[in-house]
Each structure stands twice: as C-alpha cells, then as structure tokens.
Amino acid sequence: ELKLRYDNGLTKIFETAEAVDGMQRYLEDLQPKLKQATIDTDALLEKIAVDTKNANEVKSVVAKEKKVCDVQAAEATELAASCQADLELAMPALEGAVAALKSLSKNDIVEIKSMKKPPDAVKLVMEAVCIMCNVRPEKVKDPNGGSKKLDDYWGPTQRVLLADQSFLKRLLEYDRDNMAPAMVEKVTEYTKMEVFEPDVVKKGSIAAAGLCKWVHAMIVYDRVAKNVAPKKAALKEAEETLVAAKAALAEKEAALKEVMDKLTSLNDELAAAQ
C-alpha cells in the first residue's frame, strides 16, 4: 500500500514537472510576443493621447463656433421680430383700406365719375389718387382770372382714372413696396390737410372716403416700410451670415464626429490589446 502510494506520488511529480516544463517553454515562446504587444500597446496609448488632444481641440473650436451661431441666430430672430412689429403698425390702416376698397362697387365709381361739381374734398382725393396712379393733369384757365394756367385733375379723373374698368383691382394690387419717393412726398402733403380725412370726404361721397382711406394707408405703409428697410437689409445679411456659419459648423461637427469615432475605435483596440 505504501509502495502504491509512493508510485502514485512519483507519477504526479513527474507529470507536474513535465507540465511545468511545457508551461515554461510556452512562456519563453510568449515572451517576444508579449514584448511586441507591450510595444504596440504603448504606441497605441501614445496615438490615443495625440488623438484625444486633437479631438479636444476640435471640440473646443466647434463649441466656440456653435456659440457664435447661437448668437447670430438670436440676432436674426430679434431683427425679424422687430421688422414684423414695425410692419404690424401699418397693418390696421392697410386692412382698413383694403376693406374700404372691397366694399366699393362699379356703381360707386360711376357716382364719383358723374359728379358735375364735386366737393373740394372729393376733388383733392381724386387728385391724390391720380398722382399715385401716374395720371397726368391737364392745364386749365385760372377761374380767378389769373394769366397762368393751373393743373386740373378732375377731367383726367373722369376720362382716364375712373374710366379704367380695372380701377379698383389696380388699387388692390398697388405696388406699395416700390413707390417713387417724389410721388410719396407730394401725396403726403395732401394727407396733412384737415379736409383730407375720410370723415370729411364722406360728406361729399362715401366712395371717395374709401379712396381717401386707401391713400392714407399707402402713405403710412411707406413711412413704416422706410423704417423697416434698413432692418430688412440687416436681417438679410444676418441670415446669409448665419447660413454660412451653420455650414462651416456642420463641416467641423462632421470632422469632430470622425475624430471621436476614430478615438472610440482606438480605445476598443487598446482594451483588446491590454
């Protein structure tokens, strides 16, 4: 029994010694590979350190540009809101003028046209409308006996302005954004007259009162539009700058994503190497 136990012990020792020799040889074979793996891992660590620094630099640039874009976007939004707020000041007058024009019929126009001796307020309104529609006056004798001939718009009002079948449509589609400054200045003088008010004109002609509203609205709109024009120009420039900045930011964000993806891949390699 002792011999058997002794033999078994020897067998275990021999087997263990053999296994240890095998592992020793395996370790010796592995040593160069381990050394190379260590060198590769160290190189990988250095590359990750460099790429991380680059990524942080790109991230910093992107953060700064994003901040600039946010500021530009806020400025553009503020300008747009300011333009809209200014334009809204003119909207009630415009809407009232459009409503007044839409309420007029061909019969109302005929009523004005057929007047033999129109009230002064009505004549003034039609003069203003003629000027705005580029209808020229005719020269007539001075009723007070003066030698100098005077401009008269009533004849052209009847023959040209009100004879136009699309007169009301023409006013509704009037190009209020491109009115000639000289014309606006001239018509503005009419709107300053006490008699040139819808309530006063209404006593002579309801239709002419509607046209009076329209003239006032166009002048108000032009005044507001002149204030808005510089803001619109600034808004356009701000929007163009913002679009360019966003495009540049998108490129840098794409570059940052590429760097970060590469960094993630390198970290995965590092984990495997380690």
# chains A, B, ... in the order shown; residues from 1 in each chain; ligands from 1

$ select_by_dssp --residues "region 79-230 of chain A" --states "strand (DSSP E)" --output "MDAnalysis selection string"
chainID A and resid 138:140 150:152

$ write_last_selection --atoms "N, CA, C and O atoms" --output "mmCIF file, in the first residue's frame"
data_model
loop_
_atom_site.group_PDB
_atom_site.id
_atom_site.type_symbol
_atom_site.label_atom_id
_atom_site.label_comp_id
_atom_site.auth_asym_id
_atom_site.auth_seq_id
_atom_site.Cartn_x
_atom_site.Cartn_y
_atom_site.Cartn_z
ATOM 1 N N GLU A 138 -54.410 118.116 -66.594
ATOM 2 C CA GLU A 138 -54.494 118.943 -67.805
ATOM 3 C C GLU A 138 -54.448 120.407 -67.373
ATOM 4 O O GLU A 138 -54.793 120.749 -66.241
ATOM 5 N N LYS A 139 -53.995 121.242 -68.276
ATOM 6 C CA LYS A 139 -53.880 122.668 -67.961
ATOM 7 C C LYS A 139 -55.207 123.370 -68.260
ATOM 8 O O LYS A 139 -55.778 123.195 -69.335
ATOM 9 N N VAL A 140 -55.682 124.132 -67.285
ATOM 10 C CA VAL A 140 -56.948 124.879 -67.467
ATOM 11 C C VAL A 140 -56.731 126.337 -67.041
ATOM 12 O O VAL A 140 -55.786 126.664 -66.335
ATOM 13 N N LEU A 150 -53.579 126.515 -64.677
ATOM 14 C CA LEU A 150 -53.460 125.653 -63.493
ATOM 15 C C LEU A 150 -53.622 124.175 -63.861
ATOM 16 O O LEU A 150 -54.249 123.834 -64.858
ATOM 17 N N ASP A 151 -53.027 123.328 -63.007
ATOM 18 C CA ASP A 151 -53.191 121.877 -63.183
ATOM 19 C C ASP A 151 -54.582 121.472 -62.715
ATOM 20 O O ASP A 151 -55.013 121.850 -61.612
ATOM 21 N N ASP A 152 -55.262 120.711 -63.532
ATOM 22 C CA ASP A 152 -56.595 120.226 -63.161
ATOM 23 C C ASP A 152 -56.626 118.697 -63.324
ATOM 24 O O ASP A 152 -56.253 118.164 -64.372
#

$ residues_around --residues "region 53-66 of chain A" --least-positions-apart "6" --cutoff "10 Å" --atoms "only C-alpha atoms" --output "ChimeraX atom specification"
/A:47,72,245-246,248-253,255-260,262-263

$ write_last_selection --atoms "C-alpha atoms" --output "short mmCIF file (atom, residue, chain, number, x, y, z; two decimals), in the first residue's frame"
data_model
loop_
_atom_site.label_atom_id
_atom_site.label_comp_id
_atom_site.auth_asym_id
_atom_site.auth_seq_id
_atom_site.Cartn_x
_atom_site.Cartn_y
_atom_site.Cartn_z
CA LYS A 47 -1.60 57.65 -30.54
CA GLN A 72 -26.19 85.12 -34.75
CA ALA A 245 -21.72 79.91 -40.21
CA LYS A 246 -24.05 76.92 -39.89
CA ALA A 248 -18.99 75.80 -41.52
CA LEU A 249 -20.18 74.47 -38.16
CA ALA A 250 -21.72 71.40 -39.81
CA GLU A 251 -18.38 70.64 -41.51
CA LYS A 252 -16.50 70.94 -38.22
CA GLU A 253 -19.10 68.83 -36.40
CA ALA A 255 -14.90 66.34 -38.62
CA LEU A 256 -15.34 66.09 -34.84
CA LYS A 257 -17.59 63.03 -35.23
CA GLU A 258 -14.98 61.40 -37.46
CA VAL A 259 -12.26 62.06 -34.86
CA MET A 260 -14.45 60.82 -31.99
CA LYS A 262 -11.72 57.01 -34.61
CA LEU A 263 -10.91 57.59 -30.94
#

$ atom_distance --atom1 "CA of Val228 (chain A)" --atom2 "CA of Ala76 (chain A)"
14.1 Å

$ atom_distance --atom1 "CA of Asn144 (chain A)" --atom2 "CA of Met193 (chain A)"
22.2 Å

$ residues_around --residues "Leu270 (chain A)" --least-positions-apart "3" --cutoff "12 Å" --atoms "only C-alpha atoms" --output "MDAnalysis selection string"
chainID A and resid 37:38 40:49 263:267 273:274

$ write_last_selection --atoms "N, CA and C atoms" --output "compact mmCIF listing (two decimals), in the first residue's frame"
# COMPACT_ATOMS: atom_id res chain seq x y z
N ALA A 37 3.76 43.02 -28.05
CA ALA A 37 2.41 43.51 -27.71
C ALA A 37 2.49 44.73 -26.80
N THR A 38 3.47 44.70 -25.88
CA THR A 38 3.66 45.85 -24.98
C THR A 38 4.07 47.08 -25.77
N ASP A 40 3.46 47.61 -28.96
CA ASP A 40 2.29 48.03 -29.76
C ASP A 40 1.28 48.78 -28.89
N THR A 41 1.09 48.28 -27.67
CA THR A 41 0.11 48.91 -26.76
C THR A 41 0.59 50.30 -26.35
N ASP A 42 1.90 50.41 -26.07
CA ASP A 42 2.45 51.73 -25.72
C ASP A 42 2.29 52.71 -26.87
N ALA A 43 2.56 52.23 -28.10
CA ALA A 43 2.39 53.08 -29.28
C ALA A 43 0.93 53.49 -29.43
N LEU A 44 0.03 52.53 -29.15
CA LEU A 44 -1.40 52.81 -29.23
C LEU A 44 -1.81 53.85 -28.20
N LEU A 45 -1.22 53.75 -27.00
CA LEU A 45 -1.51 54.73 -25.95
C LEU A 45 -1.05 56.13 -26.37
N GLU A 46 0.14 56.17 -26.98
CA GLU A 46 0.64 57.47 -27.45
C GLU A 46 -0.27 58.06 -28.53
N LYS A 47 -0.70 57.20 -29.46
CA LYS A 47 -1.60 57.65 -30.54
C LYS A 47 -2.93 58.13 -29.97
N ILE A 48 -3.43 57.39 -28.99
CA ILE A 48 -4.70 57.79 -28.35
C ILE A 48 -4.54 59.13 -27.65
N ALA A 49 -3.39 59.33 -27.00
CA ALA A 49 -3.13 60.60 -26.31
C ALA A 49 -3.13 61.76 -27.30
N LEU A 263 -11.38 57.71 -32.31
CA LEU A 263 -10.91 57.59 -30.94
C LEU A 263 -11.59 56.41 -30.23
N THR A 264 -12.86 56.26 -30.46
CA THR A 264 -13.61 55.13 -29.89
C THR A 264 -13.05 53.80 -30.38
N SER A 265 -12.76 53.77 -31.69
CA SER A 265 -12.19 52.56 -32.29
C SER A 265 -10.82 52.24 -31.69
N LEU A 266 -9.98 53.28 -31.48
CA LEU A 266 -8.67 53.08 -30.90
C LEU A 266 -8.76 52.59 -29.45
N ASN A 267 -9.73 53.13 -28.72
CA ASN A 267 -9.93 52.67 -27.33
C ASN A 267 -10.37 51.21 -27.27
N ALA A 273 -5.98 44.96 -26.76
CA ALA A 273 -4.53 44.77 -26.61
C ALA A 273 -4.15 44.53 -25.15
N GLN A 274 -4.78 45.33 -24.28
CA GLN A 274 -4.47 45.15 -22.85
C GLN A 274 -4.96 43.78 -22.35
